[in-house]
Amino acid sequence: MALKQLATEEDVSDLLNLYHEYFDQDLEEEEEPPISDALPENQKLNNCGGDFGMEEEASMTPSTLAISLGYRTGIPAHFNIIRDRSGLTPWDDPKPFSNLDLDALPENVTQLRLHWHQLAGTHSIMRSILSADSNPSRVLGILVADEVGLGKTAQAISVIAFLMQAVFLQRGKRRLPRILSKRI
């Protein structure tokens, strides 16, 4: 019922007509062939068996990914690991959180974690951009193109936090996360 209040039938009809006007063009009008026709016959798109760049992470558990990234609590060291449902965090007021047992949290306190796809994405990004070899043709760019609401911002912040932690550990001559120690 609430959806009917968002748009009238006329609005939907206008939007569909606009969509068809822009996207339902004949292929004969195209000057260049579609990408699938431009590829060699033996090469297919999305032939990697899953998400591009995530082949290694696909078989890893959240704890394996977190350990490889050096996230002892499952999230970067710079993140709060708990918050009150009211939005209060230890950064706001450390007193309410000082004597909490993480194994028996009160109902109003939530333990924060990254989802598997965020950990896997962070791991994939770090695996892709960190390399011991200095091949100039190596691709260093990353495109994170998840659906809306899956946490691309949290993932980007996790990558930044990982890099900050790596610099901190390296300067202190401390043990680096597995993903780094494999690549340097």
# chains A, B, ... in the order shown; residues from 1 in each chain; ligands from 1
>>> select_by_dssp(residues="range 43-149 of chain A", states="strand (DSSP E)", output="mmCIF file with N, CA and C atoms, in the first residue's frame")
data_model
loop_
_atom_site.group_PDB
_atom_site.id
_atom_site.type_symbol
_atom_site.label_atom_id
_atom_site.label_comp_id
_atom_site.auth_asym_id
_atom_site.auth_seq_id
_atom_site.Cartn_x
_atom_site.Cartn_y
_atom_site.Cartn_z
ATOM 1 N N ILE A 82 32.295 -2.399 20.287
ATOM 2 C CA ILE A 82 30.952 -2.459 20.858
ATOM 3 C C ILE A 82 30.308 -1.075 20.811
ATOM 4 N N ARG A 83 28.980 -1.080 20.865
ATOM 5 C CA ARG A 83 28.239 0.184 20.985
ATOM 6 C C ARG A 83 26.896 -0.102 21.628
ATOM 7 N N ASP A 84 26.390 0.918 22.286
ATOM 8 C CA ASP A 84 25.071 0.839 22.889
ATOM 9 C C ASP A 84 24.038 1.074 21.794
ATOM 10 N N VAL A 109 23.727 -3.567 24.446
ATOM 11 C CA VAL A 109 25.064 -3.413 23.859
ATOM 12 C C VAL A 109 25.248 -4.428 22.738
ATOM 13 N N THR A 110 25.735 -3.948 21.604
ATOM 14 C CA THR A 110 25.948 -4.779 20.420
ATOM 15 C C THR A 110 27.436 -4.858 20.116
ATOM 16 N N GLN A 111 27.916 -6.057 19.803
ATOM 17 C CA GLN A 111 29.296 -6.213 19.364
ATOM 18 C C GLN A 111 29.341 -5.920 17.866
#
>>> closest_residue(among="A:Gly53, A:Asp14, A:Arg72, A:Leu163", to="Leu143 in chain A", atoms="only C-alpha atoms")
A:Gly53
>>> atom_distance(atom1="CA of Pro76 in chain A", atom2="CA of Gln170 in chain A")
15.9 Å
>>> select_by_dssp(residues="range 104-179 of chain A", states="helix (DSSP H, G or I)", output="ChimeraX atom specification")
/A:116-129,152-171,178-179
>>> decode(residues="range 58-79 of chain A", atoms="C-alpha atoms", output="tab-separated table (two decimals), in the first residue's frame")
chain	number	residue	atom	x	y	z
A	58	ALA	CA	35.54	-17.34	-1.80
A	59	SER	CA	36.72	-20.34	0.22
A	60	MET	CA	37.79	-18.41	3.33
A	61	THR	CA	35.76	-18.06	6.53
A	62	PRO	CA	35.25	-14.71	8.28
A	63	SER	CA	37.73	-15.67	11.01
A	64	THR	CA	40.35	-16.76	8.44
A	65	LEU	CA	39.95	-13.46	6.61
A	66	ALA	CA	40.16	-11.46	9.85
A	67	ILE	CA	43.29	-13.33	10.98
A	68	SER	CA	44.96	-12.82	7.60
A	69	LEU	CA	44.22	-9.10	7.84
A	70	GLY	CA	45.45	-8.96	11.45
A	71	TYR	CA	42.00	-8.06	12.82
A	72	ARG	CA	42.17	-9.81	16.21
A	73	THR	CA	38.63	-8.77	17.12
A	74	GLY	CA	37.24	-9.30	13.62
A	75	ILE	CA	37.46	-5.60	12.78
A	76	PRO	CA	40.36	-3.15	12.38
A	77	ALA	CA	42.16	-2.14	15.57
A	78	HIS	CA	41.03	1.48	15.17
A	79	PHE	CA	37.33	0.56	15.25
